[in-house]
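Report on the following structure.
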Amino acid sequence: MPEQSVQTAGELRARLVEQGARWSVIERLADDEAVPRPSLGLEPGANLTRAEDAGRVDLRALIGRESGNPHLTRRRAAHGLLPATGGPAVTAARPTAVDWRSRWGWPWITKVKDQDPCGSCWAFGAAGLVESMARIEHDVWAERSEGDVHDGLKFTCGQGSNPETALDWIKANGGLADPDCWPYSPPPATVPADRRDGWRAAYTPSWDRSGRTVRITDYVRLGDVEQQKVWLDTVGPLTACFDVYDDFFGLGSGVYHRTSDHLAGGHCVLVVGYDDAAGCWLFKNSWGTGYHVGGYGRIAYGEVKIDYWAKCGLRGTNIDPWTKRRLHSGNVYESGNGRAHRNFELLATTTGGRLQHWWREGDAPFPWARAAAFANDASGQPAFTGTTYNRNMESLHVTTGGRLRHWYYEQSGGAWRDGGAFGPGDAAIGSTPAFIQSDYGKPGNFEVVVRTADGRLNHWWRINGAPWTWNDGGRFAAGIAHYGPALVQTRGRHLDLVATRTDGRMQLWWRDDPNGFAWRPGEVFGGSATSAPCMIEGQYGAADEDTAGNYELCVAVAGGRVEHWWRGNAAGAAWSRSAVFGHDVLAVTGMLQGSFGFNLEVIVLRTDRQLQHYWRGGTSRTESGGSAGWHEGPVIGPA
C-alpha cells in the first residue's frame with residue numbers, strides 16, 4: 001500500500017476551488033478535520049479482466065428474451081434485442097440517464113452497508129450485484145451476506161480481491177447465503193488494531209445453507225462503455241473497480257474528477273446507473289451512509305481507470321425459498337425450478353384421498369402439467385411450501401382420521417417421502433392447516449396451526465434437528481369456522497394468523513412471544529366469508545429489505561366470489577377491501593406474489609371441483625389500494 005498522505009477537509013476544499021473541480025467535500029466534515037480513510041480492498045490487477053480484452057458481447061444472445069419484469073421486456077424491445085415479431089424493427093434511443101435506486105416508481109437497490117474495517121469492497125460489490133438482480137428479476141428483497149463469500153474463501157480481514165473472484169466462488173459453491181445463515185463479521189473490538197489485517201473468521205454457516213442461497217449462473221464481463229449503458233438500461237447494475245487517490249476519500253456531492261497525484265490503492269463498487277448529461281457513473285459504495293451522498297457517489301466516465309477494467313453483470317438469478325417464505329400461502333408457491341427459475345408448484349387433492357402435484361412453467365405459454373401423485377388419506381386441501389432443506393417441497397394435510405400428516409419431496413432422491421402423522425386426533429376433517437417455516441432456530445422451526453373439531457385453533461411446532469419431534473403449542477380462540485387459518489411470521493418475528501369465524505367474519509390473532517408465547521386476539525373485519533383465507537406479507541409497502549410489506553389476503557365469500565383485502569403494515573393502516581372478483585368459487589386454496597411484475601397470483605377451487613388460476617397485474621395497483629386489475633386465468637384441472 002502506498003504511504004498515506006494526511007489532509008484536512010479544509011485543505012481539500014481549497015484544492016477543489018483552486019482547480020475548479022465540479023464536486024464538493026463531504027458536508028459533515030469540518031475544515032480542521034482530517035479526511036477519513038476507510039478501507040479499500042481491490043487486489044491490484046489479479047483476476048480482473050481488462051475492458052479491451054472483454055470487448056463487445058452479443059447482447060441479443062445473452063438477454064434477447066422476455067423478462068418476468070415487464071419494464072425490462074419493454075426496454076429490451078426498445079433496443080431491438082427481442083426476437084422479431086414480423087413487423088419492422090423499431091429501435092428507440094437509449095435513455096440519457098438510468099438510476100436503479102428508483103425506476104418506474106419502485107425501489108430496487110438494498111440499503112448501503114459498511115465494510116469497515118476490512119478490505120472487502122469486492123465482496124460487497126458482488127453481494128450488492130446479487131441482491132439487486134434478485135430484486136429486479138424476481139421482485140423480492142433478498143439481502144445477502146458478504147461474509148458468506150469472504151469467509152468462505154478463507155480470506156483475512158486485510159486481504160484484497162475482486163468481484164470476479166467473488167462471483168466465481170458464489171457460482172461454484174451453490175450461491176450466496178443470507179446474513180442469518182452466516183453474517184459478515186469484522187474483527188471484534190478485542191482484536192488490536194495492528195492485528196486486524198491478519199484476522200480471519202471461522203466459516204461455519206448453518207447446515208441448511210443449500211436451501212438459503214440465491215444461486216447464479218455465469219456472470220458477464222462487459223468492456224464496451226455503450227454496451228454497459230445498454231445493460232444498465234435493460235438488465236441491471238454492474239460491478240466496477242478503479243484506482244483511488246487521496247482526494248476520493250473526501251468525495252461528497254458532484255461528479256468526481258481526480259485532483260490528487262497520490263495513489264492510495266484500488267476499490268470496487270456497484271454501478272447502479274449513469275447520467276450522460278453529467279458525464280458520469282452513479283455508484284453505491286460500501287463505506288456507510290456518511291460518505292458521498294447517503295453512500296452513493298458519482299464518478300466521471302473514464303476517470304481513475306473506472307472504464308479500464310471490464311464491469312460485471314448478472315442475469316438468471318435463482319431465488320431461495322427462505323427469501324420467499326412470506327410471499328405465499330396455502331397450496332401454491334413459486335420455486336426456483338425451470339429455465340427462468342420461477343415455476344409455480346401446486347399441490348391439491350385428487351381421487352382416493354391422494355394428493356396431486358401440479359406445476360407451471362415460468363415461461364410463455366405458461367402451461368400447467370401434472371407431476372406425481374402420492375398419499376391416500378387426505379381429507380382436504382394441503383398446505384404446501386418450499387423449505388431450506390436443499391429446497392425440498394414440504395406438505396401437510398389433515399387425514400381422514402383427524403390427524404396431521406407430513407410429506408416432503410426429497411430433491412436429492414427425486415421422490416416423495418412420508419414424514420409421518422402427528423398432532424391432535426380431532427383436527428377438523430376436510431380443513432386445511434396453515435404451515436410455515438419460521439426463523440426460530442437454525443434451520444428454522446416448522447409452525448403449524450390447524451382448526452380442531454371443537455372450533456378452536458391448535459398450534460404445533462417442530463425443531464428442525466434431532467430428534468425431529470413435533471410439539472403441541474396449545475389451543476386458543478373459539479368459534480372458528482371449519483375451513484382453517486392463514487399464518488405468517490412477521491418481520492418483528494412474532495406469528496400472525498387470520499381465521500374465518502362461524503359468523504362469517506375474519507379475525508387476526510398474534511402470538512405474544514415475550515409474554516409466555518400466548519396468542520392474543522386482534523382486529524375483526526370482513527363478513528360472509530365461506531372459506532379459509534390465504535394471507536401473505538407481500539412487496540407492496542416494503543420500501544427496503546427491512547420494512548414490513550403489506551398483508552394481502554384473499555377469501556371466498558357468499559355468492560361464489562373472492563374478496564381481496566390488504567393492510568398497510570409499515571404505516572399501521574387498517575384492513576381495507578380492495579376488490580371482489582371471480583365466479584363459482586368454492587374456496588381460495590393458495591396465494592403468492594412471485595416473479596411477474598409484483599403480480600398477485602391466486603388459486604381457487606370452483607364449485608365444479610376444478611382448480612382455476614386468477615392473477616392481478618402488479619403495475620395497476622397503487623400503494624393506497626387503487627385499481628385492482630384482477631384477471632381470470634386458465635382452468636388447471638380437477639381437485
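Going through the C-alpha cells in order, the chains are called A, B, and so on, while each chain numbers its residues from 1 and the ligands are numbered from 1 in the order shown.
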
Close residues, Ser39 of chain A itself excluded, 7 Å, only C-alpha atoms, min 4 positions apart in chain, as a list in words:
Asp116, Pro117, Cys118 and Gly119 of chain A

Tell me, which residues of segment 28-184 of chain A carry DSSP strand (DSSP E or B), written as a VMD selection string?
chain A and resid 34 42 50 97 to 99 103 106 114 161 176 to 177

Please return as a PyMOL selection string: the residues of segment 139-201 of chain A that backbone DSSP assigns to helix (DSSP H, G or I).
chain A and resi 146-152+163-172+193-195

Selected residues written out, C-alpha atoms, as a PDB file, in the first residue's frame:
```pdb
ATOM      1  CA  GLU A 146     -20.754 -10.527   2.210  1.00  0.00           C
ATOM      2  CA  GLY A 147     -19.310 -12.716   4.955  1.00  0.00           C
ATOM      3  CA  ASP A 148     -20.537 -15.850   3.195  1.00  0.00           C
ATOM      4  CA  VAL A 149     -18.194 -15.292   0.246  1.00  0.00           C
ATOM      5  CA  HIS A 150     -15.411 -13.520   2.178  1.00  0.00           C
ATOM      6  CA  ASP A 151     -15.134 -16.153   4.892  1.00  0.00           C
ATOM      7  CA  GLY A 152     -15.975 -18.990   2.512  1.00  0.00           C
ATOM      8  CA  PRO A 163     -15.628  -9.142  -7.815  1.00  0.00           C
ATOM      9  CA  GLU A 164     -14.721 -11.770 -10.405  1.00  0.00           C
ATOM     10  CA  THR A 165     -13.116 -13.977  -7.754  1.00  0.00           C
ATOM     11  CA  ALA A 166     -16.171 -13.469  -5.537  1.00  0.00           C
ATOM     12  CA  LEU A 167     -18.638 -14.316  -8.317  1.00  0.00           C
ATOM     13  CA  ASP A 168     -16.601 -17.379  -9.285  1.00  0.00           C
ATOM     14  CA  TRP A 169     -16.840 -18.633  -5.696  1.00  0.00           C
ATOM     15  CA  ILE A 170     -20.571 -17.890  -5.464  1.00  0.00           C
ATOM     16  CA  LYS A 171     -21.254 -19.808  -8.675  1.00  0.00           C
ATOM     17  CA  ALA A 172     -19.105 -22.789  -7.638  1.00  0.00           C
ATOM     18  CA  ALA A 193      -5.713  -2.577  15.523  1.00  0.00           C
ATOM     19  CA  ASP A 194      -2.287  -3.827  14.408  1.00  0.00           C
ATOM     20  CA  ARG A 195      -3.627  -7.392  14.151  1.00  0.00           C
TER      21      ARG A 195
END
```

Choose the residue, out of A:Arg577, A:His267, A:Arg451, A:Arg520, that has the smallest atom-to-atom separation from Gly160 of chain A; count only C-alpha atoms.
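Ranked by minimum distance to Gly160 of chain A, first place goes to A:His267.
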
Which residue, A:Thr73, A:Ala142, A:Asp247, A:Asp53, has the smallest gap to Ile26 of chain A when you use only C-alpha atoms?
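For Ile26 of chain A, the nearest of the given residues is A:Asp247.
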
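If only C-alpha atoms are the atoms counted, then among A:Thr607, A:Asn458, A:Thr289, A:Ser531 the closest residue to Gly474 of chain A is A:Asn458.
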
Please provide as a list in words all residues within 6 Å of segment 197-207 of chain A, with the sequence filter that same-chain residues fewer than 4 positions apart are discarded (counting only C-alpha atoms).
Asp151, Thr156, Cys157, Gly158, Cys181 and Trp182 of chain A

Let's have the selection written as a PDB file, in the first residue's frame, with N, CA and C atoms.
```pdb
ATOM      1  N   ASP A 151     -15.628 -15.131   3.979  1.00  0.00           N
ATOM      2  CA  ASP A 151     -15.134 -16.153   4.892  1.00  0.00           C
ATOM      3  C   ASP A 151     -15.119 -17.528   4.232  1.00  0.00           C
ATOM      4  N   THR A 156      -8.435 -13.240   4.992  1.00  0.00           N
ATOM      5  CA  THR A 156      -8.258 -12.432   6.187  1.00  0.00           C
ATOM      6  C   THR A 156      -8.915 -11.078   5.999  1.00  0.00           C
ATOM      7  N   CYS A 157      -9.030 -10.337   7.109  1.00  0.00           N
ATOM      8  CA  CYS A 157      -9.677  -9.027   7.069  1.00  0.00           C
ATOM      9  C   CYS A 157      -8.971  -8.083   6.104  1.00  0.00           C
ATOM     10  N   GLY A 158      -7.648  -8.126   6.071  1.00  0.00           N
ATOM     11  CA  GLY A 158      -6.906  -7.192   5.234  1.00  0.00           C
ATOM     12  C   GLY A 158      -6.598  -7.698   3.846  1.00  0.00           C
ATOM     13  N   CYS A 181     -27.780 -16.944   7.970  1.00  0.00           N
ATOM     14  CA  CYS A 181     -27.099 -18.221   7.748  1.00  0.00           C
ATOM     15  C   CYS A 181     -25.623 -18.100   8.113  1.00  0.00           C
ATOM     16  N   TRP A 182     -24.984 -17.009   7.657  1.00  0.00           N
ATOM     17  CA  TRP A 182     -23.613 -16.686   8.036  1.00  0.00           C
ATOM     18  C   TRP A 182     -23.397 -15.200   7.801  1.00  0.00           C
TER      19      TRP A 182
END
```

So that I can see what lies close to Met506 of chain A, please list as a PyMOL selection string the residues with an atom at most 8 Å from it, counting only C-alpha atoms and leaving out residues fewer than 5 positions away in the same chain.
chain A and resi 498-501+524-527+529

Shortest contact to Pro443 of chain A, candidates A:Arg76, A:Phe422, A:Trp468, A:Trp309, atoms counted only C-alpha atoms, goes to A:Trp468

Selected residue of minimal separation from Trp106 of chain A among A:Pro433, A:Gly541, A:Gly633, A:Gly20, counting only C-alpha atoms
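With only C-alpha atoms as the atom set, the closest residue is A:Gly541.
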
Which residue is closest to Val35 of chain A? Choose from A:Asp608, A:Asp496, A:Asp246, A:Asp275 and count only C-alpha atoms.
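The answer is A:Asp246, which sits nearest to Val35 of chain A.
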